[in-house]
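Chemist: What follows is a structure written as structure tokens; I'll ask about it next.
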Amino acid sequence: MYSPLEMNYLEIKNLEAAIQGTPILHGLNLTVPKGEVHAIMGPNGSGKSTLSKVIAGHPDYEVTGGEVLIDGENILELAPDERARKGIFLAFQYPSEIPGVSIANFLRAALQARLPEGQQLDAVEFYEKLYKKMALLQMEKTFTSRSVNDGFSGGEKKRCEILQMAMLEPAFAILDETDSGLDIDALKIVSEGVNSLRGPNIGMLVITHYQRLLNYIVPDKVHVLVDGQIVRTGDKSLALELESKGYDWIIQECGASA
Amino acid sequence: MSEKPNLQIDQDIGNFSYDVDYKYDAGIGLTEATIDYISDVKEDPEWIRDFRKKALKVFESKQTPSHWATKDLETIDYSKIRYYLASGQQASRTWEDVPEEMKKTFDRLGIPEKERKFLAGVEAQFDSEAAYSNIKEAVSKQGVIFVGSTEGLHKYPEIFRPYFGKVIPTGDNKYSALNSAVFSGGSFIYVPKGVKVSHPLQAYFRINAESFGQFERTLIIADEGAELTYMEGCTAPKFETSTLHSAVVELVALKGAKIQYITVQNWSSNVFNLVTKRGLAMEDAEIKWIDCNIGSHLTMKYPGVILKGRRARGEVLSIALANNGQHQDTGAKMIHAADETTSNITSKSISVGTGRATYRGLVHIPKHLKGCKNNTECDALLINTHSRTDTYPAIVTRGQKNSVQHEASVSKVSAEQIFYMQQRGLTEAQAMSLSVNGFVNDLVRQFPLEYSVELKRLIDLEMEGSVG
């Protein structure tokens, strides 16, 4: 079996994608090496969420060109669950509710799905790991007996996403507008959780509209997405520049260069 | 004799059949001669022979339900069904004595293993007759009777006869009349006063032959203060032609008695499952039906309780899963006939693909009663847009001194929800199965552990098959 730990690069090449016939991504290029955290910033409608959904394999999006590669292997032909088992994790902007299914059972099922056929997940080890990760994320033990996202506040939903990420230990995680709907306290808690998971074995793509989140999750690189393309790449100072000057100047610049 | 090859298997657990030598075969079609044949083979007492013949007339005189029921019922051709098939063996007390092909069948279905693990007694019916019937010594020593219906009416007429056909009269509906005419097999249980049977008694109903009708008849009597749990499971192989299963189950809970009756059916998709189930609860007695309907082409089943004694309680927990091409028409009946009686109905239905689930309920509380309560909750889950669900709750409450509550909900497993779960690594089938299990979770928690595990496994299998 392919181990997510062996993966080194998530590479996006000339990616073009559309939803309901409307093109959104127009030849997007991006490489995220493992061990790094990259931020993608961009104005509304620039294609940020489309990018995350296309990488994860959402059926509503049509890929019209290009590739998404993990260590050179194109994953675009794979079903969403196969991509997930290869180490792609998406922390959703709007996580779905699954009534009646506890977080613990959901995670067990997700981890079980990663084991070869006939092999049973060890329940004792599972709970040991779960409680360890929950302690790391400063969560109450009772949290995982609640149904997945069912009746959760915005902050609880996002923490639940981060807990899942911690348990599934993906090679590459995409955090789609993780800051949306969070007040400043919740934002701090979630960011601390994400930071605690940073390390040489994971690559992260943090998608956000606002610089605010990047005060807490400091990226190695910042990419600016405009009209379905990466138009600029820089370090964290680029995010600060965007905050003070807004997106207009960059849109004008790339409009002028086009 | 079955013309099928020796062994047929596909991914469905129950979908296999063995070639069996039937010594007794009532032939195809239903006439008075069929009844005489059955009565002769079973050496029925005269009163039973008369009972059958009268029932046949009632069956013939009753119209197929039309205005409220599905037109599908009209496709049953009673002249093409075989009504009695048996190997002529007495039900064995040990598995070693069960004819080889039948033993293999029940082995594959895991019955002897379950018996060893957690059951107080088992009856295993193969087509028309029980192949195996045994009760653990500790239980029989307490005076508990657990035998087939034929043995029950022969050996214990003084208990059997006063209750037989009293909770569900022959003319209750067309299918109860049909069962009364040709019934064979099923269980007869009597639990004496004050005896509490701690482990469940289990019956397993297996259809092996094609174009066959299974008409078991079960009568359970819990004497004052007695308690028991009865579980039934059922399977059939997938044949080209339709198979009919039409059972009648009567429960009698005398003063302070408790009966819990659990069904997990897993019929193949060619089975018409038209079953009448009703219990009579006397003073302070409690009857609880747990009814899980998976599989079959059409199931019509509305377990009921007649709350005849003061403070009697009735409960129906129903789970129905209608997969592609299936129709689960299920529900409950609660007939309040004494003061301070309470009834609860919780129905959860799942419709997948072209599957159709219907809830049909009847709660009747007449005007002169006081202090009666009913709570009805119907939840439907739809998986994909072709699914259909209907709710027909008939609640008749006359008078002001009673309380009735009814809640209904319909929810959908959305594409977003499936995608979310797939993103965590679950296949589409696993994701659907998890949604369904989550939906029924609060009900399943009330089941005995062994049955909740079995139900989960069946849901997994069904969802596996529903993903193209």
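Within each chain, counting starts at residue 1; across the structure tokens, chains are named A, B, ... in the order shown, with ligands numbered 1 upward in that order.
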Just want the 6 Å neighbourhood of range 33-46 of chain A, counted on only C-alpha atoms, with same-chain residues fewer than 4 positions away dropped. Output as a PDB file with N, CA and C atoms, in the first residue's frame.
Modeler:
```
ATOM      1  N   ASN A   8       6.144  13.485  -1.315  1.00  0.00           N
ATOM      2  CA  ASN A   8       6.961  14.679  -1.150  1.00  0.00           C
ATOM      3  C   ASN A   8       6.415  15.949  -1.792  1.00  0.00           C
ATOM      4  N   TYR A   9       5.676  15.790  -2.874  1.00  0.00           N
ATOM      5  CA  TYR A   9       5.209  16.985  -3.570  1.00  0.00           C
ATOM      6  C   TYR A   9       3.747  16.884  -3.979  1.00  0.00           C
ATOM      7  N   GLY A 199       4.737  20.188  10.541  1.00  0.00           N
ATOM      8  CA  GLY A 199       5.939  19.392  10.729  1.00  0.00           C
ATOM      9  C   GLY A 199       6.441  18.898   9.395  1.00  0.00           C
ATOM     10  N   PRO A 200       7.516  18.147   9.423  1.00  0.00           N
ATOM     11  CA  PRO A 200       8.142  17.707   8.165  1.00  0.00           C
ATOM     12  C   PRO A 200       7.289  16.719   7.374  1.00  0.00           C
ATOM     13  N   ASN A 201       6.256  16.118   8.024  1.00  0.00           N
ATOM     14  CA  ASN A 201       5.500  15.073   7.340  1.00  0.00           C
ATOM     15  C   ASN A 201       4.207  15.552   6.705  1.00  0.00           C
ATOM     16  N   ILE A 202       3.985  16.845   6.734  1.00  0.00           N
ATOM     17  CA  ILE A 202       2.736  17.330   6.168  1.00  0.00           C
ATOM     18  C   ILE A 202       2.970  18.616   5.372  1.00  0.00           C
ATOM     19  N   GLY A 203       2.275  18.699   4.248  1.00  0.00           N
ATOM     20  CA  GLY A 203       2.243  19.933   3.478  1.00  0.00           C
ATOM     21  C   GLY A 203       0.857  20.532   3.624  1.00  0.00           C
ATOM     22  N   MET A 204       0.789  21.852   3.769  1.00  0.00           N
ATOM     23  CA  MET A 204      -0.531  22.465   3.951  1.00  0.00           C
ATOM     24  C   MET A 204      -0.754  23.574   2.944  1.00  0.00           C
ATOM     25  N   LEU A 205      -1.998  23.643   2.515  1.00  0.00           N
ATOM     26  CA  LEU A 205      -2.418  24.713   1.628  1.00  0.00           C
ATOM     27  C   LEU A 205      -3.544  25.439   2.356  1.00  0.00           C
ATOM     28  N   VAL A 206      -3.242  26.645   2.807  1.00  0.00           N
ATOM     29  CA  VAL A 206      -4.213  27.383   3.611  1.00  0.00           C
ATOM     30  C   VAL A 206      -4.893  28.424   2.735  1.00  0.00           C
ATOM     31  N   ILE A 207      -6.179  28.225   2.501  1.00  0.00           N
ATOM     32  CA  ILE A 207      -6.909  29.134   1.619  1.00  0.00           C
ATOM     33  C   ILE A 207      -7.659  30.158   2.457  1.00  0.00           C
ATOM     34  N   THR A 208      -7.455  31.408   2.183  1.00  0.00           N
ATOM     35  CA  THR A 208      -8.144  32.414   2.987  1.00  0.00           C
ATOM     36  C   THR A 208      -8.333  33.718   2.216  1.00  0.00           C
ATOM     37  N   HIS A 209      -9.358  34.407   2.604  1.00  0.00           N
ATOM     38  CA  HIS A 209      -9.637  35.698   1.989  1.00  0.00           C
ATOM     39  C   HIS A 209      -8.901  36.800   2.744  1.00  0.00           C
ATOM     40  N   PRO A 219       2.634  31.397   7.111  1.00  0.00           N
ATOM     41  CA  PRO A 219       2.956  30.545   5.958  1.00  0.00           C
ATOM     42  C   PRO A 219       4.410  30.695   5.506  1.00  0.00           C
ATOM     43  N   ASP A 220       4.903  29.651   4.862  1.00  0.00           N
ATOM     44  CA  ASP A 220       6.225  29.732   4.247  1.00  0.00           C
ATOM     45  C   ASP A 220       6.149  30.524   2.949  1.00  0.00           C
ATOM     46  N   LYS A 221       5.018  30.382   2.258  1.00  0.00           N
ATOM     47  CA  LYS A 221       4.837  31.112   1.013  1.00  0.00           C
ATOM     48  C   LYS A 221       3.406  31.597   0.907  1.00  0.00           C
ATOM     49  N   VAL A 222       3.229  32.690   0.202  1.00  0.00           N
ATOM     50  CA  VAL A 222       1.890  33.212  -0.055  1.00  0.00           C
ATOM     51  C   VAL A 222       1.702  33.321  -1.569  1.00  0.00           C
ATOM     52  N   HIS A 223       0.582  32.762  -2.042  1.00  0.00           N
ATOM     53  CA  HIS A 223       0.252  32.863  -3.466  1.00  0.00           C
ATOM     54  C   HIS A 223      -1.003  33.694  -3.601  1.00  0.00           C
ATOM     55  N   VAL A 224      -1.041  34.501  -4.623  1.00  0.00           N
ATOM     56  CA  VAL A 224      -2.241  35.297  -4.854  1.00  0.00           C
ATOM     57  C   VAL A 224      -2.973  34.741  -6.071  1.00  0.00           C
ATOM     58  N   LEU A 225      -4.223  34.418  -5.837  1.00  0.00           N
ATOM     59  CA  LEU A 225      -5.049  33.841  -6.901  1.00  0.00           C
ATOM     60  C   LEU A 225      -6.009  34.900  -7.414  1.00  0.00           C
ATOM     61  N   VAL A 226      -5.937  35.168  -8.705  1.00  0.00           N
ATOM     62  CA  VAL A 226      -6.856  36.111  -9.323  1.00  0.00           C
ATOM     63  C   VAL A 226      -7.367  35.488 -10.610  1.00  0.00           C
ATOM     64  N   ASP A 227      -8.683  35.461 -10.755  1.00  0.00           N
ATOM     65  CA  ASP A 227      -9.308  34.952 -11.966  1.00  0.00           C
ATOM     66  C   ASP A 227      -8.747  33.586 -12.388  1.00  0.00           C
ATOM     67  N   GLY A 228      -8.633  32.693 -11.416  1.00  0.00           N
ATOM     68  CA  GLY A 228      -8.284  31.313 -11.733  1.00  0.00           C
ATOM     69  C   GLY A 228      -6.826  31.051 -12.043  1.00  0.00           C
TER      70      GLY A 228
END
```
Chemist: Write down as number ranges by chain the residues of range 31-249 of chain A whose backbone DSSP state falls under helix (DSSP H, G or I).
Modeler: A: 48-56, 80-85, 103-112, 123-136, 141-145, 154-168, 184-197, 212-216, 236-245, 248-249
Chemist: Define the interface residues of chain B facing chain A as those within 10 Å, counting only C-alpha atoms, and report them as a ChimeraX atom specification.
Modeler: /B:413-428,430-431,434-442
Chemist: Any idea what the distance is between CA of Lys155 in chain B and CA of Asp21 in chain B?
Modeler: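 The value is 27.9 Å.
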Chemist: So which one's closest to Glu11 in chain A, A:Leu182, A:Leu163, A:Ile75, A:Ile103? Using only C-alpha atoms, please.
Modeler: A:Ile75
Chemist: For Ile395 in chain B, list every protein, DNA or RNA residue within 7 Å, evaluated using only C-alpha atoms, and leave out those in the same chain fewer than 2 positions away; present the list as a short mmCIF file (atom, residue, chain, number, x, y, z; two decimals) with C-alpha atoms, in the first residue's frame.
Modeler:
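Output (around_17.cif):
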```cif
data_model
loop_
_atom_site.label_atom_id
_atom_site.label_comp_id
_atom_site.auth_asym_id
_atom_site.auth_seq_id
_atom_site.Cartn_x
_atom_site.Cartn_y
_atom_site.Cartn_z
CA LEU B 362 -53.58 3.53 13.15
CA VAL B 363 -54.02 4.77 16.68
CA HIS B 364 -57.48 4.34 18.09
CA PRO B 393 -50.92 8.36 10.10
CA THR B 397 -58.95 10.10 19.34
#
```
Chemist: Apply DSSP to the structure's backbone, then extract all residues of range 161-279 of chain B labelled strand (DSSP E) and return them as number ranges by chain.
Modeler: B: 187-191, 201-206, 213-214, 217-222, 227-235, 243-245, 248-253, 258-267, 271-279
Chemist: Which is closest to Thr22 in chain A among A:Thr64, A:Ser49, A:Gln229, A:Gln252, if we use only C-alpha atoms?
Modeler: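 Among the listed residues, the smallest separation from Thr22 in chain A belongs to A:Thr64.
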Chemist: To one decimal in Å, tell me the separation between CA of Leu321 in chain B and CA of Ile294 in chain B.
Modeler: 5.2 Å
Chemist: For CA of Glu286 in chain B and CA of Gln400 in chain B, quote the distance in Å rounded to one decimal.
Modeler: 24.6 Å
Chemist: So that I can see what lies close to Tyr22 in chain B, please list as a list in words the residues with an atom at most 12 Å from it, counting only C-alpha atoms and leaving out residues fewer than 5 positions away in the same chain.
Modeler: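 The residues that qualify are Met1, Ser2, Gly27, Tyr84, Leu85, Ala86, Ser87, Gly88, Gln89, Pro99, Glu101, Met102, Phe126, Asp127, Ser128, Glu129, Asn208 and Ala209 of chain B.
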